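Text of model-v9.pdb, listed as PDB, C-alpha atoms:
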MODEL        1
ATOM      1  CA  MET A   1     117.671  97.283  70.474
ATOM      2  CA  VAL A   2     118.275  94.023  72.296
ATOM      3  CA  GLU A   3     121.093  94.160  74.817
ATOM      4  CA  PRO A   4     124.397  92.798  73.421
ATOM      5  CA  HIS A   5     126.018  89.598  74.660
ATOM      6  CA  ASP A   6     128.096  90.485  77.716
ATOM      7  CA  GLY A   7     129.978  87.263  78.205
ATOM      8  CA  SER A   8     127.746  85.979  80.977
ATOM      9  CA  GLY A   9     125.420  84.113  78.630
ATOM     10  CA  PRO A  10     126.025  80.931  76.619
ATOM     11  CA  THR A  11     128.884  80.647  74.168
ATOM     12  CA  ALA A  12     128.288  77.191  72.715
ATOM     13  CA  GLY A  13     125.515  74.993  71.432
ATOM     14  CA  PRO A  14     122.614  75.674  69.042
ATOM     15  CA  ALA A  15     121.349  79.227  68.743
ATOM     16  CA  SER A  16     117.839  80.247  69.674
ATOM     17  CA  PRO A  17     115.359  81.347  67.003
ATOM     18  CA  ALA A  18     116.103  84.951  67.865
ATOM     19  CA  ALA A  19     119.881  84.517  68.076
ATOM     20  CA  SER A  20     120.100  82.993  64.589
ATOM     21  CA  ALA A  21     118.699  86.235  63.212
ATOM     22  CA  GLN A  22     120.624  88.523  65.547
ATOM     23  CA  ALA A  23     124.224  87.437  66.086
ATOM     24  CA  SER A  24     124.844  89.839  68.941
ATOM     25  CA  THR A  25     122.306  88.085  71.207
ATOM     26  CA  ALA A  26     122.757  84.503  72.396
ATOM     27  CA  SER A  27     119.964  82.146  73.381
ATOM     28  CA  PRO A  28     119.769  81.726  77.140
ATOM     29  CA  THR A  29     119.224  77.967  76.760
ATOM     30  CA  ALA A  30     122.022  77.259  74.292
ATOM     31  CA  GLY A  31     125.310  75.497  75.123
ATOM     32  CA  SER A  32     126.264  75.724  78.781
ATOM     33  CA  GLY A  33     123.162  77.803  79.489
ATOM     34  CA  LEU A  34     122.465  81.208  80.898
ATOM     35  CA  ALA A  35     124.125  82.232  84.143
ATOM     36  CA  PRO A  36     121.993  80.470  86.776
ATOM     37  CA  MET A  37     118.879  82.386  87.721
ATOM     38  CA  PRO A  38     117.058  81.835  91.010
ATOM     39  CA  MET A  39     114.154  79.507  90.352
ATOM     40  CA  GLU A  40     110.651  80.481  91.362
ATOM     41  CA  PRO A  41     108.880  77.869  93.518
ATOM     42  CA  GLY A  42     107.425  75.687  90.792
ATOM     43  CA  PRO A  43     107.044  76.605  87.119
ATOM     44  CA  SER A  44     104.988  79.714  86.424
ATOM     45  CA  ARG A  45     102.830  79.949  83.326
ATOM     46  CA  VAL A  46     103.642  83.158  81.453
ATOM     47  CA  LEU A  47     101.626  84.429  78.492
ATOM     48  CA  VAL A  48     103.830  86.394  76.073
ATOM     49  CA  VAL A  49     101.698  88.672  73.900
ATOM     50  CA  GLU A  50     104.070  89.993  71.242
ATOM     51  CA  ASP A  51     103.642  90.309  67.467
ATOM     52  CA  GLU A  52     107.383  90.460  66.677
ATOM     53  CA  PRO A  53     108.351  86.773  66.216
ATOM     54  CA  LYS A  54     112.062  87.235  67.001
ATOM     55  CA  LEU A  55     111.379  89.145  70.209
ATOM     56  CA  ALA A  56     108.681  86.687  71.292
ATOM     57  CA  ALA A  57     111.087  83.767  70.717
ATOM     58  CA  LEU A  58     113.840  85.504  72.674
ATOM     59  CA  LEU A  59     111.538  86.206  75.635
ATOM     60  CA  ALA A  60     110.308  82.600  75.575
ATOM     61  CA  ASP A  61     113.915  81.338  75.693
ATOM     62  CA  TYR A  62     114.768  83.500  78.697
ATOM     63  CA  LEU A  63     111.563  82.513  80.472
ATOM     64  CA  ARG A  64     112.327  78.810  79.996
ATOM     65  CA  ALA A  65     115.864  79.353  81.307
ATOM     66  CA  ALA A  66     114.327  80.908  84.445
ATOM     67  CA  GLY A  67     112.133  77.848  84.969
ATOM     68  CA  HIS A  68     108.877  79.241  83.601
ATOM     69  CA  GLU A  69     106.436  77.864  81.023
ATOM     70  CA  PRO A  70     105.912  80.473  78.284
ATOM     71  CA  GLU A  71     103.081  80.554  75.766
ATOM     72  CA  CYS A  72     103.265  83.049  72.893
ATOM     73  CA  VAL A  73     100.404  84.697  71.018
ATOM     74  CA  ALA A  74     100.765  87.411  68.393
ATOM     75  CA  ASP A  75      97.195  88.602  67.825
ATOM     76  CA  GLY A  76      95.201  90.556  70.388
ATOM     77  CA  ARG A  77      92.087  88.541  69.594
ATOM     78  CA  GLU A  78      93.801  85.377  70.867
ATOM     79  CA  VAL A  79      94.691  86.744  74.297
ATOM     80  CA  ILE A  80      91.440  86.382  76.274
ATOM     81  CA  PRO A  81      90.751  82.825  74.995
ATOM     82  CA  ALA A  82      94.364  81.808  75.747
ATOM     83  CA  TRP A  83      94.294  83.237  79.264
ATOM     84  CA  THR A  84      90.839  81.798  79.993
ATOM     85  CA  ALA A  85      92.031  78.343  78.939
ATOM     86  CA  ARG A  86      95.266  78.278  80.996
ATOM     87  CA  ARG A  87      94.931  80.994  83.657
ATOM     88  CA  HIS A  88      98.551  82.100  83.358
ATOM     89  CA  ASP A  89     100.424  83.386  86.410
ATOM     90  CA  LEU A  90     101.707  86.479  84.565
ATOM     91  CA  ILE A  91     101.185  88.251  81.250
ATOM     92  CA  LEU A  92     103.802  90.120  79.209
ATOM     93  CA  LEU A  93     101.610  92.362  77.067
ATOM     94  CA  ASP A  94     102.695  94.399  74.047
ATOM     95  CA  LEU A  95     100.862  97.677  73.568
ATOM     96  CA  MET A  96     100.610  97.737  69.764
ATOM     97  CA  LEU A  97      98.928  94.545  68.567
ATOM     98  CA  PRO A  98      96.848  93.440  65.602
ATOM     99  CA  GLY A  99      93.214  92.722  66.344
ATOM    100  CA  ILE A 100      92.863  94.287  69.807
ATOM    101  CA  ASP A 101      95.333  96.774  71.293
ATOM    102  CA  GLY A 102      97.160  96.192  74.566
ATOM    103  CA  LEU A 103      95.350  98.880  76.564
ATOM    104  CA  THR A 104      91.943  97.424  75.729
ATOM    105  CA  LEU A 105      93.173  93.925  76.595
ATOM    106  CA  CYS A 106      94.648  95.122  79.883
ATOM    107  CA  ARG A 107      91.348  96.713  80.819
ATOM    108  CA  GLU A 108      89.412  93.533  79.964
ATOM    109  CA  LEU A 109      91.848  91.265  81.804
ATOM    110  CA  ARG A 110      91.843  93.460  84.885
ATOM    111  CA  ALA A 111      88.049  93.294  84.997
ATOM    112  CA  MET A 112      88.320  89.501  85.242
ATOM    113  CA  SER A 113      91.460  88.943  87.292
ATOM    114  CA  SER A 114      94.304  90.408  89.335
ATOM    115  CA  VAL A 115      96.902  88.464  87.296
ATOM    116  CA  PRO A 116     100.172  90.477  87.098
ATOM    117  CA  ILE A 117     100.406  92.320  83.769
ATOM    118  CA  LEU A 118     103.693  93.788  82.524
ATOM    119  CA  MET A 119     103.232  96.163  79.597
ATOM    120  CA  LEU A 120     105.999  95.764  77.014
ATOM    121  CA  THR A 121     106.167  98.430  74.334
ATOM    122  CA  ALA A 122     108.292 100.714  72.188
ATOM    123  CA  ARG A 123     106.108 103.670  73.198
ATOM    124  CA  ALA A 124     107.818 105.062  76.283
ATOM    125  CA  ASP A 125     106.231 108.513  76.594
ATOM    126  CA  GLU A 126     104.993 109.420  80.056
ATOM    127  CA  SER A 127     101.416 109.617  78.800
ATOM    128  CA  ASP A 128     101.675 106.061  77.450
ATOM    129  CA  ARG A 129     103.118 104.769  80.717
ATOM    130  CA  LEU A 130     100.379 106.440  82.712
ATOM    131  CA  ALA A 131      97.713 105.086  80.368
ATOM    132  CA  GLY A 132      99.043 101.560  80.866
ATOM    133  CA  LEU A 133      99.211 101.870  84.635
ATOM    134  CA  GLU A 134      95.759 103.461  84.852
ATOM    135  CA  THR A 135      94.191 100.557  82.953
ATOM    136  CA  GLY A 136      95.624  98.115  85.496
ATOM    137  CA  ALA A 137      99.148  97.188  84.341
ATOM    138  CA  ASP A 138     101.536  96.342  87.192
ATOM    139  CA  ASP A 139     104.658  97.535  85.392
ATOM    140  CA  TYR A 140     105.718  99.210  82.155
ATOM    141  CA  ILE A 141     108.854  98.093  80.282
ATOM    142  CA  ALA A 142     110.284 100.033  77.329
ATOM    143  CA  LYS A 143     111.646  98.107  74.341
ATOM    144  CA  ASN A 144     114.182 100.754  73.414
ATOM    145  CA  PRO A 145     116.709  99.977  74.737
ATOM    146  CA  PHE A 146     115.583  96.428  75.426
ATOM    147  CA  SER A 147     117.190  94.222  78.075
ATOM    148  CA  PRO A 148     115.900  90.644  78.419
ATOM    149  CA  ARG A 149     117.595  90.365  81.802
ATOM    150  CA  GLU A 150     115.750  93.424  83.075
ATOM    151  CA  VAL A 151     112.486  91.910  81.859
ATOM    152  CA  MET A 152     113.278  88.684  83.731
ATOM    153  CA  ALA A 153     114.070  90.633  86.908
ATOM    154  CA  ARG A 154     110.738  92.438  86.661
ATOM    155  CA  VAL A 155     108.932  89.168  85.934
ATOM    156  CA  LYS A 156     110.480  87.625  89.046
ATOM    157  CA  ALA A 157     109.469  90.611  91.194
ATOM    158  CA  ALA A 158     105.896  90.641  89.823
ATOM    159  CA  LEU A 159     105.485  86.908  90.425
ATOM    160  CA  ARG A 160     106.791  87.295  93.958
ATOM    161  CA  ARG A 161     104.258  90.060  94.640
ATOM    162  CA  GLY A 162     101.528  87.995  93.016
ATOM    163  CA  ARG A 163     102.260  84.975  95.209
ATOM    164  CA  ALA A 164     102.336  87.137  98.321
ATOM    165  CA  HIS A 165      98.961  88.573  97.349
ATOM    166  CA  GLU A 166      97.525  85.084  96.748
ATOM    167  CA  MET A 167      98.736  83.932 100.161
ATOM    168  CA  ALA A 168      97.308  87.011 101.852
ATOM    169  CA  THR A 169      93.995  86.568 100.039
ATOM    170  CA  ALA A 170      93.814  82.877 100.980
ATOM    171  CA  ALA A 171      94.548  83.737 104.599
ATOM    172  CA  ALA A 172      91.886  86.435 104.569
ATOM    173  CA  VAL A 173      89.321  84.065 103.059
ATOM    174  CA  ALA A 174      90.154  81.392 105.665
ATOM    175  CA  ALA A 175      89.954  83.901 108.526
ATOM    176  CA  PHE A 176      86.659  85.258 107.219
ATOM    177  CA  ALA A 177      85.228  81.751 106.832
ATOM    178  CA  ALA A 178      86.327  80.890 110.386
ATOM    179  CA  GLY A 179      84.704  84.035 111.716
ATOM    180  CA  SER A 180      87.969  85.400 113.152
ATOM    181  CA  GLU A 181      88.240  88.221 110.598
ATOM    182  CA  PRO A 182      85.039  90.220 110.073
ATOM    183  CA  LEU A 183      86.385  92.310 107.182
ATOM    184  CA  PHE A 184      86.572  90.696 103.749
ATOM    185  CA  VAL A 185      88.137  92.537 100.797
ATOM    186  CA  ASP A 186      87.852  90.943  97.365
ATOM    187  CA  GLU A 187      90.385  92.802  95.234
ATOM    188  CA  ALA A 188      89.613  90.929  92.015
ATOM    189  CA  GLY A 189      85.902  91.591  92.356
ATOM    190  CA  TRP A 190      86.281  95.108  93.806
ATOM    191  CA  LYS A 191      83.972  94.157  96.672
ATOM    192  CA  ALA A 192      84.238  94.470 100.436
ATOM    193  CA  SER A 193      82.021  93.405 103.313
ATOM    194  CA  TRP A 194      81.911  93.508 107.103
ATOM    195  CA  ARG A 195      80.556  90.314 108.678
ATOM    196  CA  GLY A 196      78.831  89.584 105.402
ATOM    197  CA  GLU A 197      77.294  93.059 105.137
ATOM    198  CA  PRO A 198      78.331  94.598 101.774
ATOM    199  CA  LEU A 199      80.127  97.933 101.888
ATOM    200  CA  ASP A 200      78.958 100.168  99.064
ATOM    201  CA  LEU A 201      82.315 101.807  98.308
ATOM    202  CA  THR A 202      83.509 104.095  95.552
ATOM    203  CA  PRO A 203      86.697 103.000  93.699
ATOM    204  CA  ILE A 204      88.793 105.439  95.754
ATOM    205  CA  GLU A 205      87.231 104.277  99.031
ATOM    206  CA  PHE A 206      87.813 100.653  98.072
ATOM    207  CA  ARG A 207      91.491 101.286  97.305
ATOM    208  CA  LEU A 208      91.866 103.213 100.550
ATOM    209  CA  LEU A 209      90.334 100.382 102.602
ATOM    210  CA  HIS A 210      92.434  97.790 100.777
ATOM    211  CA  ILE A 211      95.650  99.719 101.462
ATOM    212  CA  LEU A 212      94.950 100.325 105.145
ATOM    213  CA  ALA A 213      93.474  96.906 105.974
ATOM    214  CA  ALA A 214      96.283  95.014 104.230
ATOM    215  CA  GLN A 215      98.651  96.065 107.047
ATOM    216  CA  PRO A 216      96.691  96.627 110.266
ATOM    217  CA  GLY A 217      98.538  98.851 112.716
ATOM    218  CA  ARG A 218     100.753 100.444 110.092
ATOM    219  CA  VAL A 219     100.552 104.235 110.022
ATOM    220  CA  TYR A 220     100.230 105.794 106.564
ATOM    221  CA  ALA A 221     101.008 109.467 106.104
ATOM    222  CA  ARG A 222      98.498 111.468 104.101
ATOM    223  CA  THR A 223     101.112 112.064 101.390
ATOM    224  CA  GLN A 224     101.698 108.294 101.113
ATOM    225  CA  LEU A 225      98.005 107.645 100.732
ATOM    226  CA  LEU A 226      97.732 110.353  98.091
ATOM    227  CA  ASP A 227     100.498 108.739  96.046
ATOM    228  CA  LEU A 228      98.896 105.299  96.345
ATOM    229  CA  LEU A 229      95.364 106.462  95.611
ATOM    230  CA  HIS A 230      96.072 108.850  92.741
ATOM    231  CA  VAL A 231      98.690 107.196  90.519
ATOM    232  CA  ASP A 232      97.834 109.480  87.592
ATOM    233  CA  GLY A 233      99.712 112.367  89.214
ATOM    234  CA  ARG A 234      96.707 114.685  89.362
ATOM    235  CA  GLU A 235      96.844 117.612  91.780
ATOM    236  CA  VAL A 236      94.954 116.577  94.918
ATOM    237  CA  THR A 237      95.295 118.107  98.375
ATOM    238  CA  GLU A 238      95.851 116.136 101.571
ATOM    239  CA  ARG A 239      92.371 117.176 102.704
ATOM    240  CA  ALA A 240      90.970 114.905 100.001
ATOM    241  CA  VAL A 241      92.324 111.955 102.006
ATOM    242  CA  ASP A 242      90.527 113.200 105.100
ATOM    243  CA  SER A 243      87.296 113.372 103.128
ATOM    244  CA  HIS A 244      87.693 109.814 101.801
ATOM    245  CA  VAL A 245      88.479 108.517 105.300
ATOM    246  CA  LYS A 246      85.397 110.266 106.701
ATOM    247  CA  ASN A 247      83.156 108.640 104.089
ATOM    248  CA  LEU A 248      84.777 105.240 104.589
ATOM    249  CA  ARG A 249      84.341 105.440 108.367
ATOM    250  CA  ARG A 250      80.669 106.261 107.921
ATOM    251  CA  LYS A 251      80.115 103.223 105.703
ATOM    252  CA  LEU A 252      82.019 100.913 108.061
ATOM    253  CA  GLU A 253      79.959 102.187 110.989
ATOM    254  CA  ARG A 254      76.743 101.653 109.038
ATOM    255  CA  ALA A 255      77.788  98.008 108.484
ATOM    256  CA  GLY A 256      78.395  97.511 112.205
ATOM    257  CA  ALA A 257      82.170  97.935 112.388
ATOM    258  CA  GLY A 258      82.047 100.819 114.851
ATOM    259  CA  THR A 259      83.717 104.190 114.547
ATOM    260  CA  ASP A 260      87.306 103.406 115.515
ATOM    261  CA  ARG A 261      88.463 100.975 112.825
ATOM    262  CA  ILE A 262      90.420 103.743 111.088
ATOM    263  CA  ARG A 263      92.379 105.684 113.685
ATOM    264  CA  SER A 264      93.727 109.193 113.159
ATOM    265  CA  ILE A 265      97.359 109.655 114.172
ATOM    266  CA  TYR A 266      97.710 113.336 115.011
ATOM    267  CA  GLY A 267     100.040 115.190 112.656
ATOM    268  CA  VAL A 268     100.836 112.040 110.653
ATOM    269  CA  GLY A 269      97.982 110.148 109.023
ATOM    270  CA  TYR A 270      95.880 107.027 109.557
ATOM    271  CA  ARG A 271      96.056 103.364 110.501
ATOM    272  CA  PHE A 272      93.588 100.481 110.429
ATOM    273  CA  GLU A 273      92.734  98.629 113.653
ATOM    274  CA  ARG A 274      91.576  95.036 113.714
TER     275      ARG A 274
ENDMDL
END
What does this structure look like when you write it as C-alpha cells?
Amino acid sequence: MVEPHDGSGPTAGPASPAASAQASTASPTAGSGLAPMPMEPGPSRVLVVEDEPKLAALLADYLRAAGHEPECVADGREVIPAWTARRHDLILLDLMLPGIDGLTLCRELRAMSSVPILMLTARADESDRLAGLETGADDYIAKNPFSPREVMARVKAALRRGRAHEMATAAAVAAFAAGSEPLFVDEAGWKASWRGEPLDLTPIEFRLLHILAAQPGRVYARTQLLDLLHVDGREVTERAVDSHVKNLRRKLERAGAGTDRIRSIYGVGYRFER
C-alpha cells in the first residue's frame, strides 16, 4: 500500500494522476507543493520502469518535485531502447514486467553500464532480493508497504554515490592519461591494466582490486573483504581472501607493478599502496 498522507505534503491544488484514484495520497506537486526536498546538482534523468500506471504516475510526480526528469515505460521491451536513447542517470526497475522481466533487464543493463539501478517490486523474499543484487542492482525496494518518500531518499543516495563514482573515474582516467597513475580500473568494462598492460583478472580478483585501489592506504579486514566480495552470503573462509590476494599480486607483478602494491597488515588484513 502507498503511504498515507501525513500532513507534510500538499493540501490544495489539482491532484496528481495517482491521487485522483487514491484519495489517501496527495500529489507532491499539487497546491503548495511537497515539503522542500534538497535539490541534486542539476536535473537527473530517471527512467521509471513500472507497469502499474497509478504507481508510475505517483513516482514521476515525486521525482519532478525533487528536481528530476522522469521518463516512464511500462513494457520490458522498451527499456533498453529508452536507456540507449537518453542515457538516464538512474533507473527504477520493477521486477515483474511484460515483455522482458526485471532481472533479465538488470543483467543486460549492467553489461553495458554502471548506471544506478534500484529494483522496485512486490516480491520481497530474501531469495528475490539476493537475485536482484547478484544481477547488478544497487538497491532493492519493496512495494508492500510502499513509501514514496523512502524511494526518493534511496534515489538521492544512489545518485550521490553515482556522481562520486563518476568523479573518481574521471580523475582516474585523467591521472592515467597524464602518466601519474599507472593503474587503470574500468568498472563498466570489467577491465584493469597497469601502465597499459592488461591484467587478466577473474571477476573476484577484479572486484578485490577495485575495492582496494579505490582507497589507497585504507586497511581492509579480511571479514570486510569477504562481505564485499561475496554478497550472496555463501560460506567462505577468510583464507579464501588470502588466496585471491596471492593470485592478484602475482598478476600485478607479471604486469610490472612489483610485489608490494598490496601490503599485508599482520593480524588485520590488506591495503593497497600507490
Task: Test item: the PyMOL selection byres ((chain A and resi 78) around 12) resolved as a ChimeraX atom specification - done: /A:47-51,71-77,79-85,97-102,105
TODO: Name the closest residue to Ala213 of chain A among the candidates A:Ala240, A:Leu58, A:Leu201, A:Leu183; distances are taken between atoms, counting only C-alpha atoms.
DONE: A:Leu183
List the residues matched by the PyMOL selection byres ((chain A and resi 225) around 10) in the displayed structure as a compact mmCIF listing (two decimals) with C-alpha atoms, in the frame of the given file, ordered by chain and then by residue number.
# COMPACT_ATOMS: atom_id res chain seq x y z
CA ARG A 207 91.49 101.29 97.30
CA LEU A 208 91.87 103.21 100.55
CA ILE A 211 95.65 99.72 101.46
CA LEU A 212 94.95 100.32 105.14
CA TYR A 220 100.23 105.79 106.56
CA ALA A 221 101.01 109.47 106.10
CA ARG A 222 98.50 111.47 104.10
CA THR A 223 101.11 112.06 101.39
CA GLN A 224 101.70 108.29 101.11
CA LEU A 226 97.73 110.35 98.09
CA ASP A 227 100.50 108.74 96.05
CA LEU A 228 98.90 105.30 96.34
CA LEU A 229 95.36 106.46 95.61
CA HIS A 230 96.07 108.85 92.74
CA GLU A 238 95.85 116.14 101.57
CA VAL A 241 92.32 111.96 102.01
CA GLY A 269 97.98 110.15 109.02
CA TYR A 270 95.88 107.03 109.56
- [ ] Please indicate the distance in Å from atom CA of Glu273 of chain A to atom CA of Ser114 of chain A, rounded to one decimal place.
- [x] 25.7 Å
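The set of protein, DNA and RNA residues with any counted atom at most 9 Å from (81.2, 106.4, 99.9) (only C-alpha atoms) reads A:Leu199, A:Asp200, A:Leu201, A:Thr202, A:Pro203, A:Ile204, A:Glu205, A:Phe206, A:His244, A:Lys246, A:Asn247, A:Leu248, A:Arg250, A:Lys251.
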Just-selected residues, C-alpha atoms written as a tab-separated table (two decimals), in the frame of the given file:
chain	number	residue	atom	x	y	z
A	199	LEU	CA	80.13	97.93	101.89
A	200	ASP	CA	78.96	100.17	99.06
A	201	LEU	CA	82.32	101.81	98.31
A	202	THR	CA	83.51	104.10	95.55
A	203	PRO	CA	86.70	103.00	93.70
A	204	ILE	CA	88.79	105.44	95.75
A	205	GLU	CA	87.23	104.28	99.03
A	206	PHE	CA	87.81	100.65	98.07
A	244	HIS	CA	87.69	109.81	101.80
A	246	LYS	CA	85.40	110.27	106.70
A	247	ASN	CA	83.16	108.64	104.09
A	248	LEU	CA	84.78	105.24	104.59
A	250	ARG	CA	80.67	106.26	107.92
A	251	LYS	CA	80.11	103.22	105.70
Would you compute the box with edges along x, y and z of the file around segment 197-200 of chain A, including every atom the file lists for it and 5 Å extra on each side, and give its centre and edge lengths in Å to one decimal, as lines of an AutoDock Vina configuration file?
center_x = 78.7
center_y = 96.6
center_z = 102.1
size_x = 12.8
size_y = 17.1
size_z = 16.1
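For the residues A:Pro43, A:Gly67, A:Gly136, A:Pro182, ranking by smallest atom-to-atom distance to Asp89 of chain A using only C-alpha atoms places A:Pro43 first.
With only C-alpha atoms as the atoms that count, the residue of A:Leu55, A:Val46, A:Ile262, A:Ala60 with the shortest distance to Ile91 of chain A is A:Val46.
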Task: Residue neighbourhood Ser44 of chain A, 12 Å, only C-alpha atoms, exclusion window fewer than 6 positions, as a VMD selection string - done: chain A and resid 63 to 64 66 to 71 86 to 91 115 to 116 155 to 156 158 to 160 162 to 163
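Atom pair atom CA of Gly196 of chain A / atom CA of Arg274 of chain A has a distance of 16.2 Å (rounded to one decimal).
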Open item on the list: Report, in Å to a single decimal, how far apart atom CA of Arg239 of chain A and atom CA of Thr259 of chain A are.
Closed with: 19.6 Å
